[in-house]
>>> print(open('data.cif').read())   # mmCIF, C-alpha atoms
data_final
#
loop_
_atom_site.label_atom_id
_atom_site.label_comp_id
_atom_site.auth_asym_id
_atom_site.auth_seq_id
_atom_site.Cartn_x
_atom_site.Cartn_y
_atom_site.Cartn_z
CA MET A 1 -13.18 203.69 -219.77
CA GLY A 2 -12.41 200.59 -221.81
CA GLY A 3 -9.09 199.60 -223.25
CA ILE A 4 -8.59 199.75 -226.99
CA VAL A 5 -7.85 196.05 -227.24
CA SER A 6 -10.56 193.90 -225.76
CA ILE A 7 -9.28 191.42 -223.19
CA ILE A 8 -11.34 188.23 -223.14
CA SER A 9 -11.16 186.01 -220.07
CA ARG A 10 -11.00 182.52 -221.55
CA GLY A 11 -13.67 180.24 -220.17
CA PHE A 12 -15.62 183.00 -218.42
CA HIS A 13 -19.33 182.96 -219.16
CA GLY A 14 -20.84 184.92 -216.30
CA ARG A 15 -24.33 184.96 -215.07
CA ARG A 16 -26.45 187.50 -216.83
CA ARG A 17 -29.31 188.78 -214.75
CA ASP A 18 -31.94 190.86 -216.36
CA ALA A 19 -32.19 194.13 -214.52
CA GLY A 20 -33.67 195.86 -217.56
CA ASP A 21 -32.09 199.28 -217.91
CA ARG A 22 -31.79 199.82 -214.17
CA LEU A 23 -28.24 198.58 -213.66
CA PRO A 24 -25.51 201.19 -214.23
CA PRO A 25 -22.30 200.11 -216.03
CA GLY A 26 -20.01 197.81 -214.03
CA GLN A 27 -22.63 197.08 -211.35
CA TYR A 28 -24.13 193.74 -210.29
CA LEU A 29 -27.32 193.01 -208.37
CA VAL A 30 -27.44 191.92 -204.74
CA GLU A 31 -30.35 190.83 -202.60
CA ASP A 32 -28.76 191.43 -199.19
CA PHE A 33 -27.58 194.80 -197.91
CA PRO A 34 -23.77 194.95 -197.58
CA VAL A 35 -22.25 197.42 -195.13
CA LEU A 36 -19.27 199.64 -195.84
CA SER A 37 -17.72 202.15 -193.51
CA ALA A 38 -14.31 203.47 -192.61
CA GLY A 39 -14.39 203.22 -188.82
CA PRO A 40 -16.40 202.15 -185.79
CA THR A 41 -20.16 202.61 -185.88
CA PRO A 42 -21.17 205.70 -183.85
CA ARG A 43 -24.05 205.13 -181.44
CA VAL A 44 -26.20 208.26 -181.25
CA PRO A 45 -29.14 208.15 -178.84
CA PRO A 46 -32.15 210.01 -180.28
CA GLU A 47 -32.31 212.34 -177.27
CA ARG A 48 -28.83 213.62 -178.16
CA TRP A 49 -29.45 213.63 -181.90
CA GLU A 50 -29.86 216.81 -183.82
CA PHE A 51 -29.73 217.76 -187.45
CA ALA A 52 -28.51 221.16 -188.62
CA ILE A 53 -28.25 223.16 -191.80
CA ASP A 54 -25.52 225.83 -191.59
CA THR A 55 -25.76 228.52 -194.25
CA GLU A 56 -22.89 230.42 -195.85
CA ALA A 57 -24.16 233.51 -193.98
CA GLY A 58 -23.60 231.82 -190.61
CA VAL A 59 -27.25 231.06 -189.87
CA THR A 60 -27.96 227.62 -188.39
CA HIS A 61 -31.30 225.80 -188.62
CA ARG A 62 -31.66 222.95 -186.14
CA TRP A 63 -34.05 220.07 -185.58
CA THR A 64 -34.21 217.80 -182.57
CA TRP A 65 -35.35 214.19 -183.04
CA PRO A 66 -39.01 214.91 -182.12
CA GLU A 67 -39.02 218.03 -184.33
CA PHE A 68 -37.59 216.03 -187.21
CA LEU A 69 -40.17 213.26 -186.83
CA ALA A 70 -42.96 215.84 -186.75
CA LEU A 71 -42.10 217.04 -190.28
CA PRO A 72 -44.02 215.64 -193.26
CA GLN A 73 -42.71 212.13 -193.97
CA GLU A 74 -42.17 210.58 -197.39
CA ARG A 75 -41.67 206.95 -198.39
CA PRO A 76 -39.31 206.78 -201.36
CA THR A 77 -38.62 203.46 -203.09
CA VAL A 78 -35.35 203.75 -204.97
CA ASP A 79 -32.46 201.80 -206.50
CA ILE A 80 -29.08 202.22 -204.78
CA HIS A 81 -25.65 201.78 -206.29
CA CYS A 82 -22.44 201.29 -204.27
CA VAL A 83 -19.05 202.16 -205.76
CA THR A 84 -17.88 198.66 -204.71
CA GLU A 85 -20.06 197.46 -207.57
CA TRP A 86 -23.21 196.17 -205.94
CA SER A 87 -26.63 197.59 -206.69
CA LYS A 88 -29.85 196.92 -204.87
CA LEU A 89 -33.20 197.60 -206.51
CA ASP A 90 -36.44 198.86 -204.99
CA THR A 91 -35.17 199.72 -201.53
CA SER A 92 -37.88 201.34 -199.42
CA TRP A 93 -37.21 204.12 -196.94
CA GLU A 94 -39.05 206.62 -194.81
CA GLY A 95 -37.90 210.12 -193.99
CA VAL A 96 -38.01 213.81 -194.70
CA SER A 97 -37.33 215.37 -198.09
CA LEU A 98 -34.48 217.86 -198.13
CA ASP A 99 -36.94 220.21 -199.88
CA THR A 100 -38.92 220.26 -196.63
CA LEU A 101 -35.84 220.91 -194.52
CA PHE A 102 -34.70 223.70 -196.87
CA GLU A 103 -38.10 225.45 -196.96
CA ASP A 104 -37.06 228.25 -194.61
CA VAL A 105 -33.36 228.23 -195.46
CA ASP A 106 -32.15 231.36 -197.20
CA THR A 107 -29.07 230.54 -199.26
CA ALA A 108 -27.29 231.36 -202.48
CA ALA A 109 -24.61 228.70 -201.95
CA ASP A 110 -23.76 226.26 -204.73
CA TYR A 111 -22.19 223.50 -202.65
CA ALA A 112 -23.02 221.33 -199.67
CA LEU A 113 -20.68 219.52 -197.30
CA VAL A 114 -22.59 216.83 -195.44
CA TYR A 115 -21.12 215.89 -192.04
CA SER A 116 -21.85 212.96 -189.75
CA TYR A 117 -21.54 211.79 -186.19
CA GLY A 118 -18.18 210.03 -186.13
CA GLY A 119 -16.51 212.61 -188.38
CA TYR A 120 -17.43 211.38 -191.88
CA THR A 121 -17.97 214.02 -194.56
CA THR A 122 -19.09 214.01 -198.18
CA ASN A 123 -19.64 216.83 -200.64
CA LEU A 124 -22.05 217.47 -203.47
CA PRO A 125 -23.60 220.36 -205.35
CA LEU A 126 -26.57 221.76 -203.43
CA GLU A 127 -28.85 221.22 -206.43
CA ASP A 128 -28.32 217.45 -206.07
CA LEU A 129 -30.05 217.62 -202.69
CA LEU A 130 -33.13 219.50 -203.88
CA ASP A 131 -36.19 219.01 -206.11
CA GLY A 132 -37.17 215.59 -204.81
CA LYS A 133 -33.73 214.04 -205.19
CA ALA A 134 -32.70 213.53 -201.55
CA TRP A 135 -34.04 212.68 -198.11
CA ILE A 136 -32.94 212.29 -194.50
CA VAL A 137 -34.26 208.79 -193.77
CA HIS A 138 -34.76 207.00 -190.46
CA ARG A 139 -36.57 203.83 -191.51
CA PHE A 140 -35.59 201.09 -193.96
CA ASP A 141 -37.90 198.33 -195.13
CA GLY A 142 -40.49 199.29 -192.53
CA GLU A 143 -38.04 199.08 -189.61
CA GLU A 144 -35.99 201.57 -187.66
CA LEU A 145 -32.71 202.21 -189.44
CA GLN A 146 -30.03 200.09 -187.76
CA PRO A 147 -26.81 201.79 -186.60
CA GLN A 148 -24.68 199.79 -189.05
CA HIS A 149 -26.77 201.19 -191.90
CA GLY A 150 -26.54 204.74 -190.56
CA GLY A 151 -29.23 204.95 -187.90
CA PRO A 152 -30.73 206.88 -186.28
CA ALA A 153 -30.78 208.77 -189.61
CA ARG A 154 -28.83 208.91 -192.83
CA LEU A 155 -28.84 210.95 -195.99
CA LEU A 156 -30.33 209.23 -199.05
CA VAL A 157 -29.19 210.56 -202.44
CA PRO A 158 -29.88 207.56 -204.66
CA HIS A 159 -28.86 209.11 -207.98
CA LEU A 160 -25.21 209.22 -206.82
CA TYR A 161 -22.95 206.37 -205.61
CA PHE A 162 -24.02 205.38 -202.13
CA TRP A 163 -21.01 206.81 -200.28
CA LYS A 164 -22.67 210.20 -200.85
CA SER A 165 -25.66 208.98 -198.78
CA ALA A 166 -23.85 209.76 -195.53
CA LYS A 167 -24.67 207.51 -192.59
CA TRP A 168 -25.21 208.98 -189.08
CA VAL A 169 -25.88 212.34 -190.68
CA ARG A 170 -25.57 215.33 -188.40
CA GLY A 171 -25.79 218.32 -190.69
CA ILE A 172 -25.19 220.08 -193.97
CA ARG A 173 -22.85 223.02 -194.34
CA LEU A 174 -23.62 225.29 -197.28
CA LEU A 175 -20.58 226.67 -199.05
CA ASP A 176 -19.78 229.04 -201.89
CA GLU A 177 -16.90 226.80 -202.92
CA ASP A 178 -16.71 223.04 -203.24
CA HIS A 179 -14.96 221.29 -200.35
CA PRO A 180 -14.14 217.61 -201.03
CA GLY A 181 -15.16 215.17 -198.31
CA PHE A 182 -13.70 211.97 -196.83
CA TRP A 183 -13.67 209.58 -199.80
CA GLU A 184 -13.44 212.46 -202.26
CA THR A 185 -9.97 213.21 -200.86
CA ALA A 186 -9.01 209.49 -200.76
CA GLY A 187 -9.03 208.73 -204.47
CA TYR A 188 -12.75 208.60 -205.21
CA HIS A 189 -14.62 210.75 -207.71
CA ASN A 190 -15.77 214.18 -206.61
CA TYR A 191 -19.29 213.83 -208.03
CA GLY A 192 -19.94 210.08 -208.30
CA ASP A 193 -22.60 209.56 -210.97
CA PRO A 194 -23.07 205.78 -211.34
CA TRP A 195 -24.53 206.14 -214.84
CA ARG A 196 -21.28 207.77 -215.99
CA GLU A 197 -19.31 205.29 -213.84
CA GLN A 198 -17.55 208.07 -211.96
CA ARG A 199 -15.96 205.81 -209.36
CA TYR A 200 -12.48 207.21 -208.96
CA GLU A 201 -10.67 210.47 -209.34
CA GLY A 202 -10.22 211.16 -213.05
CA ASP A 203 -13.06 208.88 -214.26
CA MET B 1 -4.96 214.50 -212.36
CA ARG B 2 -4.17 210.82 -212.23
CA ARG B 3 -6.58 208.48 -213.91
CA LEU B 4 -7.03 204.79 -213.17
CA VAL B 5 -7.03 202.81 -216.40
CA TRP B 6 -7.91 199.17 -217.04
CA ARG B 7 -4.77 197.15 -217.61
CA ALA B 8 -4.42 193.66 -219.03
CA ALA B 9 -3.43 191.22 -216.28
CA GLU B 10 -2.06 187.77 -217.07
CA LEU B 11 -2.21 185.01 -214.50
CA VAL B 12 1.34 183.77 -213.92
CA GLY B 13 0.69 181.40 -211.05
CA SER B 14 -1.63 180.46 -208.25
CA THR B 15 -1.46 178.70 -204.89
CA PRO B 16 -4.25 177.19 -202.82
CA GLU B 17 -4.53 178.73 -199.33
CA THR B 18 -7.40 176.57 -198.05
CA ALA B 19 -9.95 174.22 -199.60
CA THR B 20 -11.89 177.28 -200.79
CA ALA B 21 -9.36 180.08 -201.23
CA ARG B 22 -6.57 180.62 -203.73
CA THR B 23 -3.86 183.23 -204.14
CA LEU B 24 -3.51 184.44 -207.71
CA ARG B 25 -0.39 186.12 -209.02
CA PHE B 26 -0.81 188.41 -212.02
CA ARG B 27 1.61 190.25 -214.25
CA VAL B 28 0.20 193.70 -214.99
CA PRO B 29 2.41 195.67 -217.40
CA GLY B 30 2.42 199.33 -216.43
CA TRP B 31 1.23 198.72 -212.87
CA PRO B 32 1.91 201.96 -210.94
CA GLY B 33 2.56 200.30 -207.55
CA HIS B 34 0.36 200.38 -204.47
CA LEU B 35 0.18 200.73 -200.70
CA ALA B 36 -0.54 197.91 -198.26
CA GLY B 37 -4.28 197.72 -197.66
CA GLN B 38 -5.40 199.02 -201.05
CA HIS B 39 -7.66 197.10 -203.39
CA VAL B 40 -8.31 196.72 -207.10
CA ASP B 41 -11.23 196.24 -209.41
CA VAL B 42 -11.07 193.08 -211.51
CA ARG B 43 -13.05 192.96 -214.76
CA LEU B 44 -13.95 189.83 -216.69
CA THR B 45 -15.19 189.86 -220.26
CA ALA B 46 -16.85 186.81 -221.82
CA GLU B 47 -16.42 185.94 -225.49
CA ASP B 48 -19.79 187.46 -226.32
CA GLY B 49 -18.79 190.76 -224.72
CA TYR B 50 -20.64 190.33 -221.42
CA ARG B 51 -18.68 192.01 -218.65
CA THR B 52 -18.71 192.13 -214.90
CA GLN B 53 -16.35 193.44 -212.25
CA ARG B 54 -15.57 192.99 -208.55
CA SER B 55 -13.30 194.54 -205.91
CA TYR B 56 -10.50 192.51 -204.30
CA SER B 57 -7.88 193.46 -201.75
CA LEU B 58 -4.23 193.23 -202.72
CA ALA B 59 -2.47 190.53 -200.71
CA GLY B 60 1.14 191.44 -201.40
CA PRO B 61 3.43 194.43 -201.12
CA ALA B 62 4.35 196.54 -204.12
CA ASP B 63 6.38 194.25 -206.41
CA GLY B 64 7.04 195.87 -209.75
CA GLU B 65 4.49 194.79 -212.30
CA HIS B 66 3.21 191.86 -210.23
CA VAL B 67 0.15 191.90 -208.01
CA GLU B 68 -1.32 189.16 -205.82
CA LEU B 69 -4.94 188.66 -204.83
CA THR B 70 -6.34 186.01 -202.50
CA VAL B 71 -9.85 185.08 -203.52
CA GLU B 72 -12.35 183.12 -201.43
CA ASP B 73 -14.70 181.03 -203.51
CA VAL B 74 -18.15 182.44 -202.72
CA PRO B 75 -20.79 179.70 -203.10
CA ASP B 76 -22.91 180.51 -206.16
CA GLY B 77 -20.68 183.46 -206.91
CA GLU B 78 -20.33 184.74 -210.45
CA VAL B 79 -16.68 185.78 -210.43
CA SER B 80 -14.85 183.99 -207.61
CA PRO B 81 -15.43 180.43 -208.95
CA TYR B 82 -13.92 181.53 -212.26
CA LEU B 83 -10.87 183.01 -210.55
CA THR B 84 -10.30 180.13 -208.15
CA GLU B 85 -11.29 177.10 -210.25
CA ILE B 86 -11.30 177.80 -213.97
CA MET B 87 -8.57 180.32 -214.63
CA GLU B 88 -5.19 178.93 -215.69
CA ALA B 89 -1.76 180.44 -216.10
CA GLY B 90 -1.71 182.55 -219.25
CA ASP B 91 -5.38 183.51 -218.98
CA GLN B 92 -6.20 187.20 -218.71
CA VAL B 93 -8.44 189.56 -216.82
CA GLU B 94 -8.34 193.33 -216.57
CA ILE B 95 -7.30 195.12 -213.40
CA ARG B 96 -7.80 198.75 -212.40
CA GLY B 97 -6.25 200.38 -209.39
CA PRO B 98 -4.90 200.76 -206.85
CA VAL B 99 -7.96 202.07 -205.03
CA GLY B 100 -8.46 203.42 -201.54
CA GLY B 101 -6.41 205.89 -199.54
CA TRP B 102 -7.76 205.26 -196.04
CA PHE B 103 -7.36 201.60 -195.06
CA VAL B 104 -3.61 201.69 -195.73
CA TRP B 105 -0.41 201.27 -193.76
CA ARG B 106 2.76 203.07 -194.78
CA PRO B 107 6.18 201.72 -193.77
CA ASP B 108 7.38 205.15 -192.61
CA ASN B 109 4.84 204.90 -189.79
CA ASP B 110 6.57 203.40 -186.73
CA ARG B 111 3.58 203.48 -184.37
CA PRO B 112 2.39 200.17 -182.89
CA VAL B 113 -0.16 198.45 -185.09
CA LEU B 114 -3.00 196.11 -184.18
CA LEU B 115 -4.42 194.02 -187.00
CA VAL B 116 -7.74 192.29 -186.37
CA ALA B 117 -8.77 189.85 -189.09
CA GLY B 118 -12.00 187.91 -189.46
CA GLY B 119 -11.72 185.08 -192.01
CA SER B 120 -10.82 186.36 -195.48
CA GLY B 121 -10.37 189.80 -193.92
CA ILE B 122 -6.76 188.74 -193.38
CA VAL B 123 -5.90 189.61 -196.99
CA PRO B 124 -5.23 193.38 -196.80
CA LEU B 125 -3.70 192.91 -193.34
CA MET B 126 -1.27 190.36 -194.76
CA ALA B 127 -0.22 192.98 -197.30
CA MET B 128 0.66 195.19 -194.32
CA ILE B 129 2.63 192.41 -192.59
CA ARG B 130 4.55 191.67 -195.79
CA THR B 131 5.19 195.34 -196.51
CA ARG B 132 6.53 195.79 -192.98
CA ARG B 133 8.90 192.85 -193.41
CA GLN B 134 10.01 193.91 -196.88
CA ALA B 135 10.73 197.47 -195.69
CA GLY B 136 12.60 196.30 -192.58
CA SER B 137 10.21 198.39 -190.49
CA ARG B 138 10.59 198.26 -186.70
CA ALA B 139 6.93 199.14 -186.07
CA PRO B 140 5.62 196.54 -183.60
CA PHE B 141 2.71 194.56 -185.07
CA ARG B 142 0.16 192.33 -183.40
CA LEU B 143 -2.27 190.24 -185.41
CA LEU B 144 -5.46 188.75 -184.00
CA TYR B 145 -6.82 186.33 -186.58
CA SER B 146 -10.33 185.01 -186.02
CA LEU B 147 -11.22 181.97 -188.09
CA ARG B 148 -13.39 178.87 -188.00
CA GLY B 149 -10.65 176.33 -187.38
CA PRO B 150 -7.07 175.46 -188.24
CA ASP B 151 -8.08 174.43 -191.78
CA SER B 152 -9.22 177.96 -192.54
CA VAL B 153 -5.86 179.70 -192.08
CA TYR B 154 -4.60 181.64 -195.09
CA TYR B 155 -0.80 182.00 -195.42
CA ALA B 156 -0.36 179.34 -192.71
CA ASP B 157 3.32 178.52 -193.31
CA GLU B 158 4.34 182.13 -193.66
CA LEU B 159 2.54 183.17 -190.47
CA ARG B 160 4.17 180.29 -188.59
CA ARG B 161 7.69 181.44 -189.49
CA PRO B 162 9.30 183.83 -187.02
CA ASP B 163 8.95 187.48 -188.00
CA PRO B 164 10.58 189.63 -185.28
CA GLY B 165 8.23 192.30 -184.01
CA LEU B 166 5.10 190.50 -185.23
CA ASP B 167 2.96 188.58 -182.72
CA VAL B 168 0.17 186.40 -184.05
CA SER B 169 -2.81 185.08 -182.05
CA TYR B 170 -5.43 182.79 -183.52
CA LEU B 171 -9.02 183.00 -182.30
CA TYR B 172 -10.88 179.87 -183.39
CA THR B 173 -14.63 180.29 -183.61
CA ARG B 174 -15.79 176.71 -184.34
CA SER B 175 -13.08 174.21 -183.55
CA ALA B 176 -9.81 174.89 -181.77
CA PRO B 177 -6.90 172.51 -182.25
CA GLU B 178 -5.76 170.41 -179.32
CA GLY B 179 -3.58 172.23 -176.85
CA VAL B 180 -5.29 175.58 -177.36
CA SER B 181 -6.72 176.71 -174.04
CA ARG B 182 -9.09 179.38 -175.36
CA PRO B 183 -12.48 177.77 -176.00
CA ALA B 184 -13.75 178.13 -179.56
CA GLY B 185 -15.95 181.18 -179.91
CA ARG B 186 -16.36 184.64 -181.32
CA ILE B 187 -13.99 187.48 -180.55
CA MET B 188 -14.33 188.84 -177.00
CA LEU B 189 -13.05 191.71 -174.93
CA ALA B 190 -10.43 189.49 -173.29
CA ASP B 191 -9.00 188.53 -176.70
CA LEU B 192 -8.34 192.15 -177.58
CA ALA B 193 -7.20 193.02 -174.07
CA GLU B 194 -4.64 190.18 -174.02
CA GLY B 195 -3.58 189.95 -177.65
CA GLY B 196 -3.81 193.62 -178.56
CA TRP B 197 -2.11 196.76 -177.29
CA PRO B 198 -3.16 198.84 -174.30
CA ALA B 199 -5.14 201.85 -175.45
CA ALA B 200 -2.49 204.03 -173.77
CA HIS B 201 -0.03 202.96 -176.49
CA ALA B 202 -2.40 204.54 -179.01
CA PRO B 203 -1.88 201.87 -181.70
CA ASP B 204 -3.27 202.20 -185.19
CA CYS B 205 -5.98 199.54 -185.39
CA TYR B 206 -7.02 197.93 -188.67
CA VAL B 207 -10.09 195.71 -188.57
CA CYS B 208 -11.19 193.70 -191.61
CA GLY B 209 -13.72 190.92 -192.02
CA PRO B 210 -17.42 190.30 -192.45
CA THR B 211 -19.76 193.01 -191.19
CA GLY B 212 -20.82 191.30 -187.96
CA PHE B 213 -17.20 190.65 -187.05
CA VAL B 214 -16.07 194.19 -187.83
CA GLU B 215 -18.96 195.70 -185.85
CA ALA B 216 -18.16 193.50 -182.84
CA ALA B 217 -14.39 194.02 -182.93
CA ALA B 218 -14.61 197.79 -183.43
CA ASP B 219 -17.11 198.10 -180.55
CA LEU B 220 -14.78 196.08 -178.30
CA LEU B 221 -11.83 198.30 -179.20
CA LEU B 222 -13.90 201.36 -178.29
CA ALA B 223 -14.86 199.70 -175.00
CA LEU B 224 -11.16 199.19 -174.25
CA GLY B 225 -10.59 202.90 -174.68
CA HIS B 226 -9.12 203.05 -178.19
CA ALA B 227 -9.93 206.34 -179.91
CA PRO B 228 -12.44 205.98 -182.77
CA GLU B 229 -10.15 207.90 -185.12
CA ARG B 230 -7.42 205.24 -184.61
CA ILE B 231 -9.74 202.40 -185.68
CA ARG B 232 -9.92 201.83 -189.41
CA THR B 233 -12.36 199.28 -190.78
CA GLU B 234 -12.96 197.44 -194.01
CA ARG B 235 -15.76 194.95 -194.67
CA PHE B 236 -15.99 191.78 -196.63
CA GLY B 237 -19.60 190.82 -196.81
CA PRO B 238 -20.95 187.48 -197.95
CA THR B 239 -21.78 189.33 -201.13
CA GLY B 240 -19.12 189.76 -203.72
CA GLY B 241 -19.39 186.67 -205.81
#
>>> encode(input="data.cif", output="structure tokens")
Amino acid sequence: MGGIVSIISRGFHGRRRDAGDRLPPGQYLVEDFPVLSAGPTPRVPPERWEFAIDTEAGVTHRWTWPEFLALPQERPTVDIHCVTEWSKLDTSWEGVSLDTLFEDVDTAADYALVYSYGGYTTNLPLEDLLDGKAWIVHRFDGEELQPQHGGPARLLVPHLYFWKSAKWVRGIRLLDEDHPGFWETAGYHNYGDPWREQRYEGD
Amino acid sequence: MRRLVWRAAELVGSTPETATARTLRFRVPGWPGHLAGQHVDVRLTAEDGYRTQRSYSLAGPADGEHVELTVEDVPDGEVSPYLTEIMEAGDQVEIRGPVGGWFVWRPDNDRPVLLVAGGSGIVPLMAMIRTRRQAGSRAPFRLLYSLRGPDSVYYADELRRPDPGLDVSYLYTRSAPEGVSRPAGRIMLADLAEGGWPAAHAPDCYVCGPTGFVEAAADLLLALGHAPERIRTERFGPTGG
């Protein structure tokens, strides 16, 4: 990452904030919740909402909004890290673990391509969605998830940069081969681990 | 595979844009060039080794080893007060980029373009205007620039000069200068209907500003019939520091 010669910015002191060991390299803390997206915010009424998992064998599992809400709900509190350098600690969400959604899914695929209402996509290894690491969430901070933050429901994969936590999530396609998504084909890192500061292609 | 490395960047000059914003010109040896609309990461290191970094949009077109950023001083910010108030010519930061392959305009694209800026969101859109002019592009551009009042205009002299094929409309939200018939207020459907392009012309729309502004403007463009895939957005939140 760093250059060989250290460049000091004369007269810069900065404002150290103690986040313990919870702040990945190059990140700073925020208290508000900035919004980033590439296009207009899709508005998806719950009665038209559905979530699907499409397996590599061509089998599709679907949930309507009421079916999704009837699944066991979890309330994760997690730290989130955006590639634009802000991090927010102890964010609280409510939703369904991907482990629950994958219970009856028969797959040997290694990769997942997450797709959203509005056309956004993002890719990650399937194992990063399982074993308590990811949720489809529909509430933030005790309130319904607002459209600008991805409502009615978004993916939450807090151990990767937040662009992987696709807003307005519509489904997950399981694939034998990796298929880079929207930002992953626009110069950003394919995996996006904040602790290894994998922001951009080649990091 | 290309790799973005941190490069030393020396401040070679700076110009105030408003009471709170300043354009900084850096010399970055080895800079690979960039597209209009892209941004960079800027990293500051204190003498004791403490480091922090922020993202800023590039304000100028590709210009050899020089890059320009326009930075708004965020109250209580950690980085922007250093860049806008303390830094002097000859001082250094590190810059990594260019970043972003979506919110960009390329001069070989001759489609009509609508730029919708809210406040400091003008910065990457100005890079597009300057790139168009530098390339001699004939693509027709319209800029709608929403801002508090006449004192908040970035690049005021440059935007006032004639630039054939570029139409500029100012939308004042707090105080409009005398002689402006539009009452001060937030962006409305009529602003985009009158100052933009008809949806039938299928312009490429670039919207940049604070979140509330971007949400409102993008929704209005959809209401006017613009296709969602032709509307590209970029946000500048109050966060950033």
>>> interface_residues(input="data.cif", of="chain B", to="chain A", cutoff="7 Å", atoms="only C-alpha atoms", output="VMD selection string")
chain B and resid 1 to 3 6 8 44 to 47 52 to 55 78 82 91 to 94 99 to 102 211 215 218 to 219 228 231 to 235 237 239
>>> closest_residue(input="data.cif", among="B:Asp41, B:Asp151, B:Glu229, B:Asp63", to="Thr131 in chain B", atoms="all atoms listed in the file")
B:Asp63
>>> atom_distance(input="data.cif", atom1="CA of Tyr161 in chain A", atom2="CA of Gln38 in chain B")
19.6 Å
>>> closest_residue(input="data.cif", among="B:Leu11, B:Ala127, B:Ala19, B:Ala202", to="Ala89 in chain B", atoms="only C-alpha atoms")
B:Leu11
>>> atom_distance(input="data.cif", atom1="CA of Cys208 in chain B", atom2="CA of Val116 in chain B")
6.4 Å
>>> atom_distance(input="data.cif", atom1="CA of Leu220 in chain B", atom2="CA of Gly181 in chain A")
27.7 Å
>>> residues_near_point(input="data.cif", point="(-41.0, 203.4, -201.5)", cutoff="7 Å", atoms="only C-alpha atoms", output="ChimeraX atom specification")
/A:75-78,91-93
>>> resolve_selection(input="data.cif", expression="the PyMOL selection byres ((chain A and resi 46) around 12)", output="PyMOL selection string")
chain A and resi 43-45+47-51+63-69+138+144+147+151-153+168+170
>>> residues_around(input="data.cif", residues="Pro72 in chain A", least_positions_apart="6", cutoff="12 Å", atoms="only C-alpha atoms", output="ChimeraX atom specification")
/A:94-101,135-137
